[in-house]
$ cat entry-v6.cif   # mmCIF, C-alpha atoms
data_model
loop_
_atom_site.label_atom_id
_atom_site.label_comp_id
_atom_site.auth_asym_id
_atom_site.auth_seq_id
_atom_site.Cartn_x
_atom_site.Cartn_y
_atom_site.Cartn_z
CA MET A 1 113.76 80.11 164.87
CA SER A 2 111.70 77.67 162.88
CA HIS A 3 112.51 77.18 159.22
CA ALA A 4 109.13 75.67 158.46
CA LYS A 5 107.71 77.16 155.27
CA LEU A 6 104.22 78.63 155.43
CA ASN A 7 101.49 77.82 153.01
CA GLN A 8 99.68 80.76 151.45
CA PHE A 9 96.64 80.86 149.22
CA GLU A 10 97.39 80.18 145.57
CA THR A 11 96.25 83.21 143.64
CA VAL A 12 93.88 83.10 140.70
CA ARG A 13 94.49 85.43 137.79
CA PHE A 14 90.96 86.52 136.88
CA SER A 15 87.43 86.58 138.24
CA LYS A 16 83.98 87.13 136.77
CA ILE A 17 80.31 87.32 137.65
CA TYR A 18 78.79 83.91 136.89
CA SER A 19 75.13 84.74 137.36
CA LEU A 20 72.61 87.12 138.88
CA GLY A 21 69.42 86.71 140.86
CA ALA A 22 66.63 89.14 141.62
CA SER A 23 63.74 89.51 143.99
CA ARG A 24 61.46 92.52 144.35
CA GLY A 25 58.86 93.49 146.89
CA HIS A 26 55.52 91.95 145.91
CA LEU A 27 53.61 95.25 145.95
CA ARG A 28 53.70 97.75 143.10
CA VAL A 29 53.02 101.05 144.81
CA THR A 30 51.79 103.74 142.43
CA ASN A 31 52.50 107.44 142.67
CA ASP A 32 48.83 108.13 143.39
CA GLU A 33 49.06 105.93 146.47
CA ILE A 34 51.85 107.97 148.02
CA ALA A 35 51.25 111.46 146.58
CA GLY A 36 48.73 112.64 149.18
CA PRO A 37 50.95 113.04 152.27
CA ILE A 38 53.61 114.89 150.24
CA ASP A 39 51.09 117.12 148.45
CA SER A 40 52.27 115.87 145.07
CA SER A 41 50.85 114.10 142.03
CA ASP A 42 51.53 111.19 139.72
CA GLU A 43 52.55 113.57 136.93
CA TRP A 44 54.96 115.53 139.14
CA ILE A 45 56.67 112.39 140.49
CA ARG A 46 56.97 110.81 137.04
CA GLN A 47 58.39 113.94 135.50
CA ARG A 48 60.85 114.69 138.30
CA THR A 49 62.04 111.20 139.20
CA GLY A 50 61.01 108.85 136.38
CA ILE A 51 59.22 106.57 138.83
CA ILE A 52 55.86 105.11 137.80
CA THR A 53 55.72 102.41 140.49
CA ARG A 54 58.06 101.34 143.24
CA ALA A 55 58.34 97.71 144.40
CA ARG A 56 57.59 97.37 148.08
CA ALA A 57 57.39 94.44 150.43
CA ASP A 58 54.46 94.03 152.78
CA LYS A 59 54.66 92.88 156.38
CA ASP A 60 54.79 89.24 155.32
CA GLN A 61 57.80 89.64 153.01
CA SER A 62 61.05 90.25 154.84
CA LEU A 63 64.44 91.50 153.68
CA MET A 64 65.71 87.95 154.25
CA ASP A 65 62.91 86.43 152.15
CA MET A 66 63.98 88.59 149.20
CA ALA A 67 67.69 87.90 149.78
CA VAL A 68 67.11 84.14 149.86
CA GLU A 69 65.01 84.21 146.67
CA ALA A 70 67.62 86.27 144.78
CA SER A 71 70.49 84.13 146.09
CA LYS A 72 68.87 80.86 145.08
CA GLU A 73 68.37 82.13 141.53
CA ALA A 74 72.02 83.23 141.32
CA ILE A 75 73.31 79.93 142.73
CA ALA A 76 71.20 77.93 140.29
CA GLY A 77 72.32 80.16 137.41
CA ALA A 78 75.97 79.64 138.28
CA GLY A 79 75.51 75.88 138.27
CA ILE A 80 77.23 75.44 141.62
CA GLN A 81 76.22 73.87 144.89
CA PRO A 82 75.58 76.19 147.86
CA SER A 83 78.23 74.23 149.78
CA GLU A 84 80.85 75.47 147.27
CA ILE A 85 80.31 79.10 148.31
CA GLY A 86 83.43 80.30 150.10
CA ALA A 87 82.08 83.61 151.40
CA VAL A 88 78.75 85.41 151.70
CA ILE A 89 78.70 89.22 151.55
CA PHE A 90 75.45 91.03 152.25
CA SER A 91 75.30 94.75 151.50
CA THR A 92 72.40 96.39 153.27
CA ILE A 93 71.39 99.35 155.39
CA SER A 94 67.98 98.02 156.36
CA HIS A 95 68.70 94.77 158.23
CA PRO A 96 66.79 95.52 161.42
CA TYR A 97 69.35 94.12 163.88
CA GLN A 98 72.56 95.78 165.01
CA THR A 99 73.85 92.23 165.42
CA PRO A 100 74.05 89.43 164.36
CA SER A 101 74.64 90.17 160.70
CA ALA A 102 72.18 89.45 157.92
CA ALA A 103 74.86 87.54 156.02
CA THR A 104 75.29 84.70 158.53
CA LEU A 105 71.57 83.95 158.55
CA LEU A 106 71.44 84.16 154.76
CA ALA A 107 74.38 81.75 154.48
CA ASP A 108 72.58 79.27 156.69
CA LEU A 109 69.24 79.60 154.92
CA ILE A 110 70.72 78.96 151.47
CA GLY A 111 72.89 76.04 152.54
CA ALA A 112 76.25 77.83 152.55
CA ASN A 113 76.85 77.30 156.30
CA PRO A 114 79.73 77.39 157.50
CA ALA A 115 81.01 79.89 154.89
CA PRO A 116 82.43 83.13 156.30
CA ALA A 117 79.69 85.73 156.10
CA PHE A 118 79.56 89.45 156.80
CA ASP A 119 77.56 92.58 156.02
CA ILE A 120 78.72 95.71 154.25
CA SER A 121 77.23 99.08 155.11
CA ALA A 122 77.89 101.24 152.07
CA ALA A 123 74.28 102.08 151.20
CA CYS A 124 73.71 102.57 147.48
CA ALA A 125 77.36 101.75 146.74
CA GLY A 126 77.09 98.52 148.74
CA TYR A 127 76.68 96.04 145.91
CA CYS A 128 79.64 97.44 143.97
CA TYR A 129 81.66 97.44 147.20
CA GLY A 130 80.65 93.78 147.55
CA ILE A 131 81.75 92.94 144.01
CA ALA A 132 85.11 94.60 144.73
CA GLN A 133 85.50 92.44 147.83
CA ALA A 134 84.39 89.28 146.05
CA ASP A 135 86.81 89.93 143.19
CA ALA A 136 89.65 90.30 145.69
CA LEU A 137 88.67 87.19 147.65
CA VAL A 138 88.45 85.06 144.50
CA ARG A 139 91.67 86.30 142.90
CA SER A 140 93.62 86.00 146.15
CA GLY A 141 92.50 82.40 146.39
CA VAL A 142 90.68 82.93 149.70
CA ALA A 143 87.35 81.77 148.27
CA LYS A 144 86.48 79.96 145.06
CA TYR A 145 82.93 81.29 144.81
CA VAL A 146 81.53 84.33 146.61
CA LEU A 147 77.86 85.23 146.94
CA VAL A 148 77.28 88.99 146.91
CA VAL A 149 73.83 90.27 147.81
CA GLY A 150 72.58 93.83 147.80
CA GLY A 151 69.26 93.86 149.57
CA GLU A 152 66.98 96.40 151.22
CA LYS A 153 63.58 96.71 152.80
CA LEU A 154 63.70 100.49 152.89
CA SER A 155 59.96 100.78 153.42
CA ASP A 156 60.65 100.05 157.09
CA PHE A 157 62.63 103.30 157.28
CA ILE A 158 60.50 105.82 155.42
CA ASP A 159 58.25 108.68 156.45
CA PRO A 160 55.22 109.09 154.18
CA THR A 161 55.30 112.88 154.69
CA ASP A 162 58.99 113.24 153.72
CA ARG A 163 59.49 114.98 150.38
CA SER A 164 63.27 114.45 150.25
CA ILE A 165 63.70 110.71 149.62
CA SER A 166 60.98 108.45 151.05
CA PHE A 167 58.73 108.62 147.99
CA LEU A 168 61.57 107.33 145.80
CA LEU A 169 62.32 104.21 147.80
CA GLY A 170 61.53 100.57 147.07
CA ASP A 171 62.36 97.11 148.39
CA GLY A 172 64.25 94.26 146.76
CA ALA A 173 67.38 92.14 146.65
CA GLY A 174 69.86 91.37 143.90
CA ALA A 175 72.48 88.63 144.08
CA ALA A 176 75.59 87.66 142.17
CA ILE A 177 77.95 84.70 142.24
CA VAL A 178 81.57 85.71 141.64
CA GLY A 179 84.14 83.03 140.85
CA PRO A 180 87.36 82.26 138.97
CA SER A 181 87.70 82.94 135.25
CA ASP A 182 90.07 82.27 132.37
CA GLU A 183 89.53 85.81 131.06
CA PRO A 184 89.24 89.16 132.88
CA GLY A 185 85.63 89.59 133.99
CA ILE A 186 85.78 92.36 136.60
CA SER A 187 87.90 95.47 136.07
CA PRO A 188 89.82 97.20 138.87
CA THR A 189 87.28 98.97 141.09
CA VAL A 190 87.35 102.74 141.45
CA TRP A 191 85.94 103.37 144.89
CA GLY A 192 86.06 105.75 147.79
CA SER A 193 84.14 107.88 150.23
CA ASP A 194 83.59 111.48 151.28
CA GLY A 195 82.60 111.65 154.92
CA SER A 196 82.60 115.45 154.82
CA HIS A 197 79.06 114.98 153.45
CA TRP A 198 78.24 112.33 156.08
CA SER A 199 74.91 113.94 156.96
CA SER A 200 73.70 114.66 153.44
CA VAL A 201 71.98 111.26 153.20
CA SER A 202 71.21 110.11 156.70
CA MET A 203 68.65 109.14 159.30
CA THR A 204 66.43 111.54 161.23
CA GLY A 205 67.96 110.32 164.48
CA SER A 206 70.05 107.57 166.02
CA LEU A 207 68.66 104.55 167.84
CA LEU A 208 69.93 106.15 171.07
CA ASP A 209 67.91 109.29 170.32
CA PHE A 210 64.89 107.06 169.71
CA ARG A 211 65.45 105.12 172.94
CA ASP A 212 65.70 108.34 174.92
CA GLY A 213 62.52 109.76 173.42
CA GLU A 214 64.45 112.53 171.67
CA ALA A 215 63.58 111.36 168.16
CA SER A 216 60.75 109.47 166.56
CA TRP A 217 61.44 106.22 164.67
CA PRO A 218 64.52 107.04 162.54
CA THR A 219 63.77 107.37 158.83
CA LEU A 220 65.86 108.31 155.82
CA ARG A 221 66.42 111.89 154.71
CA GLN A 222 68.62 113.55 152.12
CA ASP A 223 69.82 116.97 151.11
CA GLY A 224 68.72 116.60 147.51
CA LEU A 225 70.74 119.42 146.00
CA THR A 226 74.05 118.38 147.58
CA VAL A 227 73.54 114.75 146.60
CA PHE A 228 72.36 115.56 143.08
CA LYS A 229 75.34 117.77 142.35
CA TRP A 230 77.77 115.28 143.84
CA ALA A 231 76.17 112.40 141.97
CA VAL A 232 76.38 114.20 138.65
CA TRP A 233 79.75 115.95 138.80
CA GLU A 234 81.80 113.58 140.93
CA MET A 235 80.31 110.33 139.63
CA VAL A 236 81.00 111.32 136.03
CA LYS A 237 84.67 111.49 137.00
CA VAL A 238 84.48 108.15 138.82
CA ALA A 239 82.71 106.51 135.86
CA GLN A 240 85.32 107.86 133.47
CA GLN A 241 88.13 106.63 135.76
CA ALA A 242 86.50 103.20 135.83
CA LEU A 243 86.52 103.11 132.03
CA ASP A 244 90.14 104.30 131.98
CA VAL A 245 91.45 101.71 134.45
CA ALA A 246 89.47 99.03 132.62
CA GLY A 247 91.27 100.09 129.45
CA ILE A 248 88.09 100.59 127.45
CA LYS A 249 86.11 103.46 125.93
CA ALA A 250 82.44 104.36 126.37
CA GLU A 251 81.64 102.98 122.94
CA ASP A 252 82.93 99.56 124.00
CA LEU A 253 80.13 99.26 126.55
CA SER A 254 76.96 97.27 126.04
CA ALA A 255 75.34 98.80 129.11
CA LEU A 256 75.50 101.49 131.76
CA VAL A 257 74.03 100.31 135.04
CA THR A 258 74.05 103.09 137.59
CA HIS A 259 72.54 103.12 141.02
CA GLN A 260 68.86 103.82 140.34
CA ALA A 261 68.62 107.00 142.40
CA ASN A 262 66.58 109.25 140.18
CA ILE A 263 66.06 109.35 136.43
CA ARG A 264 67.46 112.89 136.37
CA ILE A 265 70.81 111.72 137.72
CA ILE A 266 70.89 108.80 135.29
CA ASP A 267 70.10 111.08 132.32
CA GLU A 268 72.74 113.62 133.40
CA LEU A 269 75.39 110.88 133.71
CA VAL A 270 74.52 109.59 130.24
CA LYS A 271 74.82 113.13 128.87
CA GLN A 272 78.09 113.94 130.65
CA LEU A 273 79.70 110.61 129.71
CA LYS A 274 78.68 111.22 126.07
CA LEU A 275 77.51 107.64 125.76
CA PRO A 276 76.68 106.53 122.22
CA GLU A 277 73.10 105.43 121.67
CA SER A 278 74.27 101.85 121.22
CA VAL A 279 74.83 101.62 125.00
CA ALA A 280 71.77 100.29 126.84
CA VAL A 281 71.03 102.41 129.89
CA ALA A 282 69.37 100.72 132.85
CA ARG A 283 66.24 102.57 133.96
CA ASP A 284 64.78 100.02 136.34
CA ILE A 285 63.88 102.90 138.66
CA VAL A 286 60.76 103.45 136.53
CA ASN A 287 59.12 100.28 137.84
CA THR A 288 61.13 99.40 140.94
CA GLY A 289 62.05 102.74 142.53
CA ASN A 290 65.30 103.37 144.38
CA THR A 291 66.30 100.20 146.24
CA SER A 292 69.73 101.38 147.47
CA ALA A 293 72.17 98.43 147.59
CA ALA A 294 69.81 96.28 145.50
CA SER A 295 69.39 98.68 142.62
CA VAL A 296 72.47 97.86 140.51
CA PRO A 297 72.02 94.06 140.43
CA LEU A 298 68.24 94.39 139.99
CA ALA A 299 68.72 96.81 137.09
CA MET A 300 71.35 94.61 135.41
CA HIS A 301 69.21 91.52 135.89
CA GLN A 302 66.28 93.32 134.23
CA LEU A 303 68.36 94.43 131.23
CA LEU A 304 69.42 90.83 130.67
CA LYS A 305 65.88 89.51 131.18
CA ASP A 306 64.46 92.04 128.71
CA GLY A 307 67.08 91.04 126.13
CA ALA A 308 68.35 94.62 125.99
CA VAL A 309 71.89 93.28 126.46
CA LYS A 310 73.53 89.93 125.89
CA PRO A 311 75.79 87.88 128.13
CA GLY A 312 79.45 88.57 127.35
CA GLY A 313 78.97 92.30 126.76
CA LEU A 314 80.65 94.90 128.94
CA ALA A 315 78.72 96.88 131.53
CA LEU A 316 79.87 99.82 133.60
CA GLN A 317 78.22 99.53 136.99
CA ILE A 318 78.40 102.35 139.50
CA GLY A 319 76.90 102.73 142.94
CA PHE A 320 76.86 105.95 144.96
CA GLY A 321 75.03 107.24 147.98
CA ALA A 322 74.98 107.66 151.75
CA GLY A 323 78.36 107.98 153.38
CA LEU A 324 78.99 109.44 150.98
CA ALA A 325 80.38 106.30 149.38
CA PHE A 326 80.91 105.25 145.79
CA ALA A 327 82.26 102.34 143.73
CA ALA A 328 82.42 101.59 140.02
CA GLN A 329 83.77 98.76 137.92
CA VAL A 330 83.34 97.38 134.43
CA VAL A 331 82.09 93.81 134.37
CA VAL A 332 81.44 91.19 131.72
CA LEU A 333 77.69 90.55 131.72
CA PRO A 334 76.83 87.06 132.94
CA MET B 1 85.71 135.64 127.81
CA ALA B 2 83.19 136.59 130.48
CA LEU B 3 79.61 136.90 129.31
CA SER B 4 77.53 140.03 129.91
CA HIS B 5 74.43 140.12 132.11
CA ASP B 6 72.23 139.95 129.00
CA GLU B 7 74.08 136.95 127.62
CA VAL B 8 73.88 135.13 130.95
CA LEU B 9 70.17 135.96 131.17
CA ALA B 10 69.58 134.58 127.67
CA GLY B 11 71.52 131.39 128.47
CA LEU B 12 69.74 130.93 131.77
CA ALA B 13 66.36 131.45 130.08
CA GLU B 14 67.22 128.63 127.67
CA ILE B 15 68.08 126.31 130.57
CA VAL B 16 64.83 127.20 132.36
CA ASN B 17 62.88 126.68 129.14
CA GLU B 18 64.46 123.28 128.57
CA GLU B 19 63.73 122.17 132.12
CA THR B 20 60.24 123.57 132.61
CA GLY B 21 58.86 124.57 129.21
CA ILE B 22 58.48 128.16 130.43
CA ASP B 23 58.80 130.60 127.51
CA THR B 24 62.26 132.21 127.44
CA ASP B 25 60.66 135.68 127.23
CA SER B 26 59.02 135.07 130.60
CA VAL B 27 62.39 134.59 132.31
CA LYS B 28 62.95 138.23 133.29
CA MET B 29 65.38 139.64 135.84
CA GLU B 30 62.73 140.59 138.40
CA LYS B 31 60.98 137.20 138.39
CA SER B 32 61.12 134.94 141.44
CA PHE B 33 61.96 131.32 140.63
CA THR B 34 59.42 129.90 143.07
CA ASN B 35 56.66 132.52 143.25
CA ASP B 36 56.54 133.78 139.65
CA LEU B 37 57.96 130.93 137.59
CA ASP B 38 56.64 128.15 139.86
CA ILE B 39 59.94 126.26 139.78
CA ASP B 40 60.23 123.56 142.45
CA SER B 41 63.32 122.37 144.26
CA ILE B 42 63.97 119.38 141.97
CA SER B 43 63.77 121.53 138.82
CA MET B 44 66.02 124.06 140.54
CA MET B 45 68.66 121.34 141.09
CA THR B 46 68.69 120.52 137.41
CA ILE B 47 68.83 124.21 136.47
CA VAL B 48 71.77 124.76 138.84
CA VAL B 49 73.70 121.77 137.44
CA ASN B 50 73.04 122.85 133.85
CA ALA B 51 74.03 126.44 134.64
CA GLU B 52 77.29 125.24 136.20
CA GLU B 53 78.01 123.34 133.01
CA LYS B 54 76.93 126.03 130.57
CA PHE B 55 78.72 128.94 132.23
CA SER B 56 81.68 126.95 133.65
CA VAL B 57 81.05 128.22 137.18
CA LYS B 58 80.61 126.59 140.57
CA ILE B 59 77.43 127.45 142.42
CA PRO B 60 77.99 126.34 146.04
CA ASP B 61 75.10 124.47 147.70
CA ASP B 62 74.80 127.16 150.38
CA GLU B 63 74.49 129.82 147.70
CA VAL B 64 71.55 128.22 145.90
CA LYS B 65 69.08 129.18 148.64
CA ASN B 66 70.06 132.84 148.12
CA LEU B 67 69.20 132.71 144.43
CA LEU B 68 65.58 133.77 144.83
CA THR B 69 65.16 135.75 141.63
CA VAL B 70 66.46 135.46 138.11
CA ALA B 71 68.53 138.59 138.80
CA ASP B 72 70.15 136.88 141.82
CA ALA B 73 71.23 134.00 139.59
CA VAL B 74 72.39 136.20 136.71
CA ASN B 75 74.41 138.42 139.07
CA PHE B 76 75.98 135.45 140.82
CA ILE B 77 76.93 133.71 137.58
CA THR B 78 78.28 136.91 136.02
CA ALA B 79 80.46 137.59 139.08
CA ALA B 80 81.57 133.96 139.35
CA GLN B 81 82.82 133.99 135.77
CA GLY B 82 85.18 136.82 136.50
#
$ encode --input "entry-v6.cif" --output "structure tokens"
Amino acid sequence: MSHAKLNQFETVRFSKIYSLGASRGHLRVTNDEIAGPIDSSDEWIRQRTGIITRARADKDQSLMDMAVEASKEAIAGAGIQPSEIGAVIFSTISHPYQTPSAATLLADLIGANPAPAFDISAACAGYCYGIAQADALVRSGVAKYVLVVGGEKLSDFIDPTDRSISFLLGDGAGAAIVGPSDEPGISPTVWGSDGSHWSSVSMTGSLLDFRDGEASWPTLRQDGLTVFKWAVWEMVKVAQQALDVAGIKAEDLSALVTHQANIRIIDELVKQLKLPESVAVARDIVNTGNTSAASVPLAMHQLLKDGAVKPGGLALQIGFGAGLAFAAQVVVLP
Amino acid sequence: MALSHDEVLAGLAEIVNEETGIDTDSVKMEKSFTNDLDIDSISMMTIVVNAEEKFSVKIPDDEVKNLLTVADAVNFITAAQG
């Protein structure tokens, strides 16, 4: 038996988000442009969902283009070199290849090659899943800086005649650099899943069904009532747990940044959490639509850009969606 | 204490009014949510969630499609309270 002593990573006490980056689809698609095939109207869509326009990418703007743009902004904002990035995590459900991952290509394109890189499939919870992973990687000493991207080009997976979800969806990417900190910057994550509702937000068919001619091109669908009720009742509990484990109260928050699913869900969460009016509530859905994994970082980036919140304040961020999967944490705003 | 049919009807009418602007007096037992009150599926979701909160009941997803009229909803909520 060898008595050689192993090295292990030196742990780091705290982590924080250093910076954010954002990229949206170049097109601003109005309600009038999409209302026809779903027999709806601008007024109806605004009133029911809050959306006035959704950002969408055209054929010449790829998921990777948006991810690179958002990542470069975050890297520059953090004041680090791409070569210092110790891991790249890409949360997406719309990367159009089963393999290889989106993250390895992104790492190469931004100059972070040969950093370990992998994708997360947790849909609208994906970015908050990514922050949980990045926090763990940084504090365990595995990586000094981690790039987390939530990015989607959902317009490749929509059906213009679908009234359940397609008309809500937009395209974009949000990025964050997570690294070591002298003070706590990311609270313990409250996260989980409920696969008993696996089919409540799903695709119209699998790729095998499509190959065999048994389904048309798979697009997104949801059971609105099931998802709405789950999002309101269960996510209120998750949000409250996130505040509890962070050791803070709602009135300590500067901002609530939820997944931008639907203005109705956001308004219900604000009501149920009894947030004081001093808390800025992200409503990026109005101009950007629902961008799944990208929505939380895009919405936080917009709040900071608009001056609605200041760096150093506390934000509760919560993602929830297909899986069903959810994750919430309180973060110090970069 | 469980509420009576009339009290549940009055509370439900307030929720419908808040969501859709429909006059509370128009929310009568025999009215159909979709055909008479012109309430769409997204408004119905909000009404269901608010009713669950107001009356402290659970309205299962499978049950919502059976709530065609105001009376269906009032009867379900009244029974669920008990």
$ closest_residue --input "entry-v6.cif" --among "A:Glu10, A:Asp194, A:Glu234, A:Glu251" --to "Ala325 of chain A" --atoms "all atoms listed in the file"
A:Asp194
$ interface_residues --input "entry-v6.cif" --of "chain B" --to "chain A" --cutoff "10 Å" --atoms "all atoms listed in the file" --output "JSON list (two decimals) with C-alpha atoms, keeping the file's coordinate frame"
[["chain", "number", "residue", "atom", "x", "y", "z"],
["B", 40, "ASP", "CA", 60.23, 123.56, 142.45],
["B", 41, "SER", "CA", 63.32, 122.37, 144.26],
["B", 42, "ILE", "CA", 63.97, 119.38, 141.97],
["B", 43, "SER", "CA", 63.77, 121.53, 138.82],
["B", 44, "MET", "CA", 66.02, 124.06, 140.54],
["B", 45, "MET", "CA", 68.66, 121.34, 141.09],
["B", 46, "THR", "CA", 68.69, 120.52, 137.41],
["B", 48, "VAL", "CA", 71.77, 124.76, 138.84],
["B", 49, "VAL", "CA", 73.70, 121.77, 137.44],
["B", 50, "ASN", "CA", 73.04, 122.85, 133.85],
["B", 52, "GLU", "CA", 77.29, 125.24, 136.20],
["B", 53, "GLU", "CA", 78.01, 123.34, 133.01],
["B", 59, "ILE", "CA", 77.43, 127.45, 142.42],
["B", 60, "PRO", "CA", 77.99, 126.34, 146.04],
["B", 61, "ASP", "CA", 75.10, 124.47, 147.70],
["B", 62, "ASP", "CA", 74.80, 127.16, 150.38],
["B", 64, "VAL", "CA", 71.55, 128.22, 145.90]]
$ closest_atom_pairs --input "entry-v6.cif" --of "segment 163-216 of chain A" --to "segment 140-145 of chain A" --cutoff "10 Å" --atoms "only C-alpha atoms" --output "CSV"
residue,atom,partner,partner_atom,distance
A:Ile177,CA,A:Tyr145,CA,6.6
A:Val178,CA,A:Tyr145,CA,5.6
A:Gly179,CA,A:Tyr145,CA,4.5
A:Pro180,CA,A:Lys144,CA,6.6
$ atom_distance --input "entry-v6.cif" --atom1 "atom CA of Ala280 of chain A" --atom2 "atom CA of Asn17 of chain B"
27.9 Å
$ closest_residue --input "entry-v6.cif" --among "A:Ser295, A:Ser193, A:Gln329, A:Ser71" --to "Ala55 of chain A" --atoms "all atoms listed in the file"
A:Ser295
$ atom_distance --input "entry-v6.cif" --atom1 "atom CA of Tyr129 of chain A" --atom2 "atom CA of Gly321 of chain A"
11.9 Å
$ axis_aligned_box --input "entry-v6.cif" --around "segment 62-81 of chain B" --padding-each-side "6 Å" --output "AutoDock Vina command-line options"
--center_x 74.0 --center_y 132.9 --center_z 143.1 --size_x 29.7 --size_y 23.4 --size_z 26.6
$ atom_distance --input "entry-v6.cif" --atom1 "atom CA of Thr11 of chain A" --atom2 "atom CA of Leu147 of chain A"
18.8 Å
$ resolve_selection --input "entry-v6.cif" --expression "the PyMOL selection byres ((chain A and resi 46) around 12)" --output "PyMOL selection string"
chain A and resi 30-32+35+40-45+47-54+167-168+262-264+285-287+289
$ resolve_selection --input "entry-v6.cif" --expression "the PyMOL selection byres ((chain B and resi 29-35) around 9)" --output "VMD selection string"
chain B and resid 9 26 to 28 36 to 41 44 67 to 74
$ residues_around --input "entry-v6.cif" --residues "Ala246 of chain A" --least-positions-apart "3" --cutoff "7 Å" --atoms "all atoms listed in the file" --output "VMD selection string"
chain A and resid 187 to 188 242 to 243 330
$ resolve_selection --input "entry-v6.cif" --expression "the PyMOL selection byres ((chain A and resi 18) around 10)" --output "list in words"
Ser15, Lys16, Ile17, Ser19, Leu20, Ala74, Ile75, Gly77, Ala78, Gly79, Ile80, Tyr145, Ala176, Ile177, Val178, Gly179, Pro180, Ser181, Gly185, Val332, Leu333 and Pro334 of chain A
$ closest_atom_pairs --input "entry-v6.cif" --of "segment 281-314 of chain A" --to "segment 155-160 of chain A" --cutoff "12 Å" --atoms "all atoms listed in the file" --output "JSON lines"
{"residue": "A:Gly289", "atom": "CA", "partner": "A:Ser155", "partner_atom": "CA", "distance": 11.3}
{"residue": "A:Asn290", "atom": "CA", "partner": "A:Ser155", "partner_atom": "CA", "distance": 10.8}
{"residue": "A:Thr291", "atom": "CA", "partner": "A:Ser155", "partner_atom": "CA", "distance": 9.6}
{"residue": "A:Ser292", "atom": "CA", "partner": "A:Ser155", "partner_atom": "CA", "distance": 11.5}
$ closest_residue --input "entry-v6.cif" --among "A:Pro276, A:Gly25, A:Pro184, A:Pro311" --to "Arg13 of chain A" --atoms "all atoms listed in the file"
A:Pro184
$ residues_around --input "entry-v6.cif" --residues "Ala87 of chain A" --least-positions-apart "2" --cutoff "9 Å" --atoms "all atoms listed in the file" --output "list in words"
Ile85, Ile89, Ala107, Ala112, Ala115, Pro116, Ala117, Phe118, Ala134, Leu137, Val142, Ala143, Lys144, Tyr145, Val146, Leu147 and Val148 of chain A
$ closest_residue --input "entry-v6.cif" --among "A:Glu73, A:Asp306, A:Asp39, A:Glu152" --to "Gly21 of chain A" --atoms "all atoms listed in the file"
A:Glu73
$ residues_around --input "entry-v6.cif" --residues "Gln81 of chain B" --least-positions-apart "2" --cutoff "9 Å" --atoms "only C-alpha atoms" --output "list in words"
Met1, Ala2, Leu3, Phe55, Ser56, Val57, Phe76, Ile77, Thr78 and Ala79 of chain B
$ build_atoms --input "entry-v6.cif" --residues "segment 32-44 of chain B" --atoms "N, CA and C atoms" --output "mmCIF file, in the coordinates of the input"
data_model
loop_
_atom_site.group_PDB
_atom_site.id
_atom_site.type_symbol
_atom_site.label_atom_id
_atom_site.label_comp_id
_atom_site.auth_asym_id
_atom_site.auth_seq_id
_atom_site.Cartn_x
_atom_site.Cartn_y
_atom_site.Cartn_z
ATOM 1 N N SER B 32 60.713 135.890 140.403
ATOM 2 C CA SER B 32 61.120 134.940 141.440
ATOM 3 C C SER B 32 60.984 133.526 140.884
ATOM 4 N N PHE B 33 62.010 132.694 141.148
ATOM 5 C CA PHE B 33 61.960 131.320 140.630
ATOM 6 C C PHE B 33 60.743 130.567 141.174
ATOM 7 N N THR B 34 60.510 130.684 142.478
ATOM 8 C CA THR B 34 59.420 129.900 143.070
ATOM 9 C C THR B 34 58.062 130.583 142.903
ATOM 10 N N ASN B 35 57.985 131.867 143.231
ATOM 11 C CA ASN B 35 56.660 132.520 143.250
ATOM 12 C C ASN B 35 56.141 132.856 141.864
ATOM 13 N N ASP B 36 57.014 133.357 140.975
ATOM 14 C CA ASP B 36 56.540 133.780 139.650
ATOM 15 C C ASP B 36 56.632 132.664 138.609
ATOM 16 N N LEU B 37 57.745 131.936 138.635
ATOM 17 C CA LEU B 37 57.960 130.930 137.590
ATOM 18 C C LEU B 37 57.526 129.530 138.042
ATOM 19 N N ASP B 38 57.165 129.405 139.333
ATOM 20 C CA ASP B 38 56.640 128.150 139.860
ATOM 21 C C ASP B 38 57.621 126.984 139.673
ATOM 22 N N ILE B 39 58.895 127.277 139.933
ATOM 23 C CA ILE B 39 59.940 126.260 139.780
ATOM 24 C C ILE B 39 60.186 125.588 141.129
ATOM 25 N N ASP B 40 60.066 124.260 141.177
ATOM 26 C CA ASP B 40 60.230 123.560 142.450
ATOM 27 C C ASP B 40 61.700 123.188 142.677
ATOM 28 N N SER B 41 61.934 122.598 143.857
ATOM 29 C CA SER B 41 63.320 122.370 144.260
ATOM 30 C C SER B 41 64.038 121.378 143.337
ATOM 31 N N ILE B 42 63.304 120.375 142.836
ATOM 32 C CA ILE B 42 63.970 119.380 141.970
ATOM 33 C C ILE B 42 64.332 120.015 140.623
ATOM 34 N N SER B 43 63.437 120.830 140.063
ATOM 35 C CA SER B 43 63.770 121.530 138.820
ATOM 36 C C SER B 43 64.938 122.489 139.056
ATOM 37 N N MET B 44 64.938 123.107 140.236
ATOM 38 C CA MET B 44 66.020 124.060 140.540
ATOM 39 C C MET B 44 67.373 123.343 140.560
#
